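Novice: I am sharing query_33.cif, which consists of mmCIF, C-alpha atoms:
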data_upload
#
loop_
_atom_site.label_atom_id
_atom_site.label_comp_id
_atom_site.auth_asym_id
_atom_site.auth_seq_id
_atom_site.Cartn_x
_atom_site.Cartn_y
_atom_site.Cartn_z
CA MET P 19 147.45 -14.93 -68.37
CA VAL P 20 146.47 -18.03 -70.25
CA GLU P 21 144.13 -19.03 -67.48
CA GLU P 22 142.44 -15.67 -67.64
CA LEU P 23 142.02 -16.02 -71.38
CA LEU P 24 140.58 -19.48 -70.97
CA THR P 25 138.23 -18.24 -68.27
CA ALA P 26 137.12 -15.32 -70.42
CA GLY P 27 136.64 -17.61 -73.40
CA ALA P 28 134.58 -20.01 -71.31
CA VAL P 29 132.45 -17.14 -69.99
CA ALA P 30 131.94 -15.82 -73.51
CA GLY P 31 131.03 -19.26 -74.77
CA VAL P 32 128.50 -19.70 -72.00
CA GLY P 33 127.09 -16.26 -72.78
CA ILE P 34 126.81 -17.08 -76.47
CA VAL P 35 125.09 -20.36 -75.74
CA ALA P 36 122.69 -18.63 -73.37
CA TYR P 37 122.03 -15.93 -75.95
CA LEU P 38 121.37 -18.50 -78.66
CA GLY P 39 119.11 -20.41 -76.31
CA ALA P 40 117.13 -17.26 -75.57
CA ALA P 41 117.02 -16.18 -79.22
CA ALA P 42 116.19 -19.51 -80.82
CA ARG P 43 112.57 -20.35 -81.50
CA VAL P 44 110.87 -23.30 -83.18
CA VAL P 45 107.64 -22.80 -85.11
CA LYS P 46 105.66 -25.97 -85.81
CA GLN P 47 104.25 -26.90 -89.18
CA TYR P 48 100.66 -25.95 -88.29
CA GLU P 49 101.70 -22.65 -86.68
CA ARG P 50 102.84 -19.24 -87.86
CA GLY P 51 104.97 -16.79 -85.86
CA VAL P 52 104.29 -13.06 -85.51
CA VAL P 53 107.25 -11.04 -84.22
CA PHE P 54 106.85 -7.74 -82.31
CA ARG P 55 110.01 -5.67 -81.90
CA LEU P 56 109.59 -3.12 -79.15
CA GLY P 57 105.84 -3.39 -79.59
CA ARG P 58 105.79 -2.96 -83.36
CA LEU P 59 105.13 -5.64 -85.95
CA ARG P 60 108.41 -6.78 -87.37
CA GLY P 61 108.56 -7.94 -90.98
CA GLY P 62 106.38 -10.72 -92.26
CA VAL P 63 104.99 -13.78 -90.58
CA ARG P 64 107.58 -16.39 -89.62
CA GLY P 65 107.03 -19.74 -91.24
CA PRO P 66 107.46 -23.18 -89.70
CA GLY P 67 110.95 -24.24 -88.68
CA PHE P 68 113.86 -22.80 -86.71
CA THR P 69 113.98 -19.00 -86.30
CA PHE P 70 115.78 -16.40 -84.18
CA VAL P 71 114.55 -13.36 -82.29
CA ILE P 72 116.43 -10.73 -80.30
CA PRO P 73 116.03 -11.54 -76.61
CA ALA P 74 114.42 -8.82 -74.51
CA VAL P 75 113.66 -6.88 -77.72
CA ASP P 76 111.57 -9.15 -79.90
CA ARG P 77 108.52 -11.05 -78.81
CA LEU P 78 107.23 -13.99 -80.83
CA ARG P 79 103.52 -14.86 -80.87
CA LYS P 80 102.54 -18.22 -82.34
CA VAL P 81 99.17 -18.59 -84.05
CA ASN P 82 97.54 -21.96 -84.68
CA MET P 83 96.45 -22.31 -88.32
CA GLN P 84 94.46 -25.53 -87.85
CA ILE P 85 90.68 -25.74 -88.21
CA VAL P 86 89.12 -25.08 -84.82
CA THR P 87 85.90 -26.81 -83.78
CA MET P 88 83.95 -24.55 -81.44
CA PRO P 89 80.59 -25.57 -79.96
CA VAL P 90 78.05 -22.80 -79.63
CA PRO P 91 76.12 -22.92 -76.33
CA ALA P 92 72.39 -23.56 -76.62
CA GLN P 93 70.50 -20.36 -77.26
CA GLU P 94 66.87 -19.92 -76.26
CA GLY P 95 64.66 -17.80 -78.46
CA ILE P 96 61.21 -17.33 -79.94
CA THR P 97 60.65 -18.19 -83.56
CA ARG P 98 58.70 -16.09 -86.01
CA ASP P 99 55.59 -18.21 -85.35
CA ASN P 100 55.88 -17.64 -81.56
CA VAL P 101 57.35 -20.97 -80.47
CA THR P 102 60.01 -21.07 -77.74
CA VAL P 103 62.96 -23.26 -78.71
CA ARG P 104 66.53 -23.95 -77.64
CA VAL P 105 69.05 -24.35 -80.44
CA ASP P 106 72.74 -25.22 -80.26
CA ALA P 107 75.27 -25.33 -83.07
CA VAL P 108 78.93 -25.92 -83.89
CA VAL P 109 81.31 -23.64 -85.81
CA TYR P 110 84.36 -24.74 -87.81
CA PHE P 111 86.83 -21.93 -88.54
CA LYS P 112 90.54 -21.35 -89.12
CA VAL P 113 92.99 -18.44 -89.15
CA VAL P 114 94.12 -17.39 -92.63
CA ASP P 115 96.01 -14.21 -91.63
CA ALA P 116 98.04 -14.63 -88.45
CA ALA P 117 99.00 -10.94 -88.20
CA ASN P 118 95.39 -9.70 -88.36
CA ALA P 119 94.24 -12.38 -85.93
CA ILE P 120 96.69 -10.93 -83.37
CA ILE P 121 96.41 -7.23 -84.19
CA GLU P 122 92.78 -6.65 -85.23
CA VAL P 123 91.07 -8.48 -82.37
CA GLU P 124 92.07 -9.12 -78.78
CA ASP P 125 90.96 -12.78 -78.68
CA TYR P 126 89.70 -14.12 -81.98
CA ARG P 127 88.33 -17.33 -80.42
CA PHE P 128 86.17 -15.42 -77.95
CA ALA P 129 85.10 -12.98 -80.68
CA VAL P 130 84.02 -15.80 -83.01
CA SER P 131 82.15 -17.50 -80.14
CA GLN P 132 80.19 -14.37 -79.25
CA MET P 133 79.43 -13.61 -82.88
CA ALA P 134 78.15 -17.17 -83.37
CA GLN P 135 75.82 -16.91 -80.36
CA THR P 136 74.31 -13.60 -81.43
CA SER P 137 73.92 -14.78 -85.04
CA LEU P 138 72.22 -17.97 -83.84
CA ARG P 139 69.70 -15.99 -81.79
CA SER P 140 69.06 -13.76 -84.80
CA ILE P 141 68.47 -16.78 -87.03
CA ILE P 142 65.98 -18.22 -84.50
CA GLY P 143 63.95 -15.01 -84.47
CA LYS P 144 63.82 -14.82 -88.27
CA SER P 145 62.85 -18.45 -88.91
CA ASP P 146 59.74 -20.54 -88.48
CA LEU P 147 59.68 -23.75 -86.51
CA ASP P 148 59.24 -25.83 -89.65
CA ASP P 149 62.37 -24.25 -91.13
CA LEU P 150 64.40 -25.08 -88.03
CA LEU P 151 63.29 -28.69 -88.19
CA SER P 152 63.37 -29.43 -91.91
CA ASN P 153 65.23 -26.66 -93.76
CA ARG P 154 68.49 -26.63 -91.83
CA GLU P 155 70.78 -26.51 -94.84
CA GLN P 156 69.58 -23.06 -95.81
CA LEU P 157 69.74 -21.87 -92.20
CA ASN P 158 73.32 -23.15 -91.91
CA GLN P 159 74.31 -21.14 -94.97
CA GLY P 160 72.66 -17.99 -93.61
CA LEU P 161 74.31 -18.47 -90.22
CA GLU P 162 77.71 -19.01 -91.85
CA LEU P 163 77.33 -15.81 -93.86
CA MET P 164 76.37 -13.79 -90.77
CA ILE P 165 79.44 -15.00 -88.84
CA ASP P 166 81.87 -14.81 -91.75
CA SER P 167 81.15 -11.18 -92.64
CA PRO P 168 82.85 -9.58 -89.59
CA ALA P 169 85.37 -12.42 -89.17
CA VAL P 170 87.03 -11.65 -92.51
CA GLY P 171 88.57 -8.49 -91.05
CA TRP P 172 89.98 -10.51 -88.17
CA GLY P 173 91.95 -12.81 -90.44
CA VAL P 174 89.56 -15.68 -89.65
CA GLN P 175 87.69 -17.76 -92.21
CA ILE P 176 84.48 -19.59 -91.25
CA ASP P 177 84.71 -23.03 -92.80
CA ARG P 178 81.30 -24.44 -91.83
CA VAL P 179 78.41 -23.90 -89.40
CA GLU P 180 76.00 -26.66 -88.38
CA ILE P 181 72.86 -26.53 -86.23
CA LYS P 182 73.13 -29.54 -83.95
CA ASP P 183 69.86 -29.84 -82.07
CA VAL P 184 66.53 -28.07 -81.65
CA SER P 185 64.87 -28.58 -78.26
CA LEU P 186 61.11 -28.08 -78.07
CA PRO P 187 58.80 -27.78 -75.05
CA GLU P 188 56.92 -30.91 -74.04
CA THR P 189 53.56 -29.37 -74.90
CA MET P 190 54.77 -28.60 -78.41
CA LYS P 191 56.10 -32.15 -78.80
CA ARG P 192 52.70 -33.57 -77.84
CA SER P 193 50.94 -31.19 -80.23
CA MET P 194 53.24 -32.18 -83.07
CA ALA P 195 52.69 -35.84 -82.26
CA ARG P 196 48.92 -35.38 -82.42
CA GLN P 197 49.25 -33.46 -85.67
CA ALA P 198 51.39 -36.19 -87.21
CA GLU P 199 48.95 -38.87 -86.02
CA ALA P 200 45.98 -36.98 -87.46
CA ASP P 201 47.78 -36.50 -90.76
CA ARG P 202 48.62 -40.21 -90.98
CA GLU P 203 45.03 -41.12 -90.16
CA ARG P 204 43.81 -38.75 -92.87
CA ARG P 205 46.09 -40.33 -95.43
CA ALA P 206 44.99 -43.80 -94.34
CA ARG P 207 41.34 -42.87 -94.80
CA ILE P 208 42.03 -41.41 -98.23
CA ILE P 209 43.85 -44.58 -99.26
CA ASN P 210 41.01 -46.76 -97.96
CA ALA P 211 38.42 -44.63 -99.75
CA ASP P 212 40.39 -44.84 -102.98
CA ALA P 213 40.62 -48.61 -102.59
CA GLU P 214 36.87 -48.84 -102.01
CA LEU P 215 36.24 -46.73 -105.11
CA GLN P 216 38.41 -48.94 -107.28
CA ALA P 217 36.87 -52.09 -105.79
CA SER P 218 33.35 -50.77 -106.41
CA LYS P 219 34.18 -50.14 -110.07
CA LYS P 220 35.51 -53.66 -110.48
CA LEU P 221 32.52 -55.12 -108.66
CA ALA P 222 30.18 -53.14 -110.88
CA GLU P 223 31.91 -54.57 -113.96
CA ALA P 224 31.69 -58.07 -112.49
CA ALA P 225 28.00 -57.62 -111.72
CA GLU P 226 27.40 -56.45 -115.27
CA VAL P 227 29.09 -59.58 -116.63
CA MET P 228 27.20 -61.86 -114.23
CA SER P 229 23.89 -60.27 -115.17
CA GLU P 230 24.31 -61.60 -118.70
CA GLN P 231 24.76 -65.16 -117.40
CA PRO P 232 22.78 -65.76 -114.18
CA ALA P 233 24.46 -69.15 -113.72
CA ALA P 234 27.76 -67.33 -113.11
CA LEU P 235 26.45 -66.09 -109.77
CA GLN P 236 25.81 -69.64 -108.60
CA LEU P 237 29.27 -70.73 -109.77
CA ARG P 238 30.83 -67.84 -107.89
CA LEU P 239 28.96 -68.87 -104.77
CA LEU P 240 30.27 -72.41 -105.09
CA GLN P 241 33.81 -71.09 -105.47
CA THR P 242 33.35 -69.11 -102.27
CA VAL P 243 32.20 -72.25 -100.47
CA VAL P 244 35.25 -74.16 -101.70
CA ALA P 245 37.59 -71.38 -100.57
CA VAL P 246 36.05 -71.28 -97.11
CA ALA P 247 36.05 -75.06 -96.78
CA ALA P 248 39.79 -75.17 -97.51
CA GLU P 249 40.47 -73.58 -94.12
CA LYS P 250 38.99 -76.66 -92.38
CA ASN P 251 36.61 -74.64 -90.27
CA SER P 252 33.96 -76.36 -88.22
CA THR P 253 31.46 -73.59 -88.90
CA LEU P 254 30.57 -72.50 -92.40
CA VAL P 255 28.77 -69.23 -92.95
CA LEU P 256 27.14 -69.38 -96.37
CA PRO P 257 25.80 -66.15 -97.86
CA PHE P 258 22.59 -66.62 -99.81
CA PRO P 259 22.03 -63.70 -102.15
CA VAL P 260 18.58 -62.60 -103.14
CA GLU P 261 19.54 -62.77 -106.81
CA LEU P 262 20.04 -66.52 -106.46
CA LEU P 263 16.54 -66.89 -105.07
CA ARG P 264 15.17 -64.97 -108.03
CA PHE P 265 17.17 -67.17 -110.41
CA LEU P 266 15.83 -70.35 -108.78
CA GLU P 267 12.32 -68.91 -108.88
CA ARG P 268 12.59 -68.25 -112.60
CA ALA P 269 14.11 -71.69 -113.22
CA ALA P 270 11.42 -73.61 -111.24
CA PRO P 271 8.51 -75.17 -113.35
CA THR P 272 5.12 -73.49 -113.21
CA PRO P 273 2.68 -75.62 -111.08
CA ALA P 274 -0.72 -76.82 -112.57
CA ALA P 275 -3.91 -74.95 -111.78
CA PRO P 276 -5.57 -76.38 -108.64
CA ALA P 277 -9.00 -78.17 -108.91
CA PRO P 278 -12.07 -76.24 -107.72
CA ALA P 279 -12.99 -76.89 -104.14
CA PRO P 280 -16.20 -78.98 -103.52
CA ALA P 281 -19.25 -77.17 -102.35
CA ALA P 282 -20.01 -77.23 -98.69
CA PRO P 283 -22.53 -79.94 -97.68
CA SER P 284 -25.98 -78.75 -96.74
CA ALA P 285 -27.80 -79.73 -93.61
CA GLY P 286 -29.96 -82.22 -95.46
CA ILE P 287 -29.63 -84.67 -98.39
CA ALA P 288 -31.76 -84.21 -101.41
CA ALA P 289 -34.02 -87.18 -101.91
CA PRO P 290 -33.68 -89.05 -105.16
CA ALA P 291 -36.48 -89.00 -107.62
CA ALA P 292 -37.16 -92.71 -107.19
CA SER P 293 -37.92 -92.29 -103.55
CA GLY P 294 -41.39 -91.20 -104.37
CA LEU P 295 -40.96 -87.87 -102.72
CA GLY P 296 -41.87 -84.70 -104.36
CA PRO P 297 -39.41 -82.40 -105.82
CA GLY P 298 -37.56 -80.28 -103.34
CA ALA P 299 -38.05 -82.83 -100.54
CA VAL P 300 -35.13 -83.07 -98.14
CA VAL P 301 -34.19 -86.21 -96.24
CA GLU P 302 -32.56 -85.68 -92.89
CA PRO P 303 -29.54 -87.92 -92.38
CA CYS P 304 -29.14 -90.12 -89.33
CA LEU P 305 -26.62 -89.23 -86.73
CA ASP P 306 -24.97 -92.68 -86.79
CA GLY P 307 -24.38 -92.54 -90.55
CA SER P 308 -27.00 -95.30 -91.42
CA PRO P 309 -29.27 -94.69 -94.37
CA PRO P 310 -32.37 -92.79 -93.51
CA PRO P 311 -35.57 -94.76 -93.04
CA PRO P 312 -38.06 -94.72 -95.86
CA PRO P 313 -40.54 -91.98 -95.54
CA ALA P 314 -43.98 -92.85 -94.30
CA GLU P 315 -46.75 -93.05 -96.81
CA PRO P 316 -49.20 -90.23 -96.68
CA ASP P 317 -52.64 -90.89 -95.26
CA VAL P 318 -55.24 -91.08 -98.00
CA PRO P 319 -58.74 -90.38 -96.85
CA ARG P 320 -61.19 -93.14 -97.61
CA GLY P 321 -64.55 -92.52 -99.12
#
Please rewrite the model in this file as structure tokens.
Specialist:
Amino acid sequence: MVEELLTAGAVAGVGIVAYLGAAARVVKQYERGVVFRLGRLRGGVRGPGFTFVIPAVDRLRKVNMQIVTMPVPAQEGITRDNVTVRVDAVVYFKVVDAANAIIEVEDYRFAVSQMAQTSLRSIIGKSDLDDLLSNREQLNQGLELMIDSPAVGWGVQIDRVEIKDVSLPETMKRSMARQAEADRERRARIINADAELQASKKLAEAAEVMSEQPAALQLRLLQTVVAVAAEKNSTLVLPFPVELLRFLERAAPTPAAPAPAPAAPSAGIAAPAASGLGPGAVVEPCLDGSPPPPPAEPDVPRG
């Protein structure tokens, strides 16, 4: 009799231990437990720690309450300015109501993923390419609002949405590169033109000052020569301004008036008056340069 009681007690103890093992559940700190009794929601959400359920009657579903990082696959679309792009993003969300996350939606992770993809395609179609590249903060806020609106009823809260990358066609990349290069060249030309304008104003002021003292131009030229000679070059290119020539021309003394040129010699030499020749007589010079012979006396007829 005692043995039967001991055997029955042992069997009952084993049954109790097995029952407790089947009924005991452990909910972790970052989880919440939702209990269904015969298919109906039972009571509130079970908190973290040790809890019991009725085996074969209750069913415990654990829901992770941590922030979930879900990448959104790259979506291809056409922007408002007719540019084909591929955009991918990442969604950060967490469950705030474990009961609704189990009851209201079959798989809240899959539902959030599909909602993120459709919202991303919608954002691409409503935005320009420049907005996708430079105004991402505003697009992230719009995308977060589009995903969070239906997710609130699922017991899910969207914590943050970020657009990761925007892929462009190669032709568009080359066009943007040419546009950026042209814009930089335009700005460089504007800066150079502005520098030339400022330099011309300063040079005009310097020329006005130098015009009052012409010697300043020569001193400036000498300073230029000294600056070039300091480089120890073998060849020296010296500019010679026209203004310096004019200054030297004004500084040079005025030359004396030249003497009148002698008259050109005639073919003959006028005979002196003492030669006994009549006025207007011309003596032919000798070819060897000797004095001409005395003229012959005229024949006087004899009576």
Novice: Evaluate the PyMOL selection byres ((chain P and resi 64-79) around 12) here and jot the selected residues down as a PyMOL selection string.
Specialist: chain P and resi 36-63+80-83+115-117+119-121
Novice: Just how far from atom CA of Asn158 of chain P is atom CA of Ser137 of chain P, in Å to one decimal?
Specialist: 10.8 Å
Novice: For atom CA of Gln84 of chain P and atom CA of Val113 of chain P, quote the distance in Å rounded to one decimal.
Specialist: 7.4 Å
Novice: Can you tell me, as an NGL selection string, what residues are no more than 10 Å from segment 86-99 of chain P when counting only C-alpha atoms, ignoring any on the same chain fewer than 4 positions away?
Specialist: :P and (82 or 103-113 or 127 or 130-136 or 138-150 or 176-185)
Novice: Calculate how many Å separate atom CA of Ser229 of chain P from atom CA of Arg264 of chain P, rounding to one decimal.
Specialist: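 For atom CA of Ser229 of chain P relative to atom CA of Arg264 of chain P, the distance reads 12.2 Å.
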Novice: Each residue of segment 170-216 of chain P with at least one atom at most 12 Å from segment 222-227 of chain P should appear once, together with its nearest atom pair and the corresponding distance in Å (one decimal); atoms considered: only C-alpha atoms; ordering: chain, then increasing residue number; output as CSV.
Specialist:
residue,atom,partner,partner_atom,distance
P:Glu214,CA,P:Ala222,CA,11.9
P:Leu215,CA,P:Ala222,CA,10.5
P:Gln216,CA,P:Ala222,CA,9.9
Novice: Counting all atoms listed in the file, which residue out of P:Leu151, P:Asn118, P:Gln156, P:Arg196 sits closest to Gln175 of chain P?
Specialist: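 Between P:Leu151, P:Asn118, P:Gln156, P:Arg196, the residue approaching Gln175 of chain P most closely is P:Asn118.
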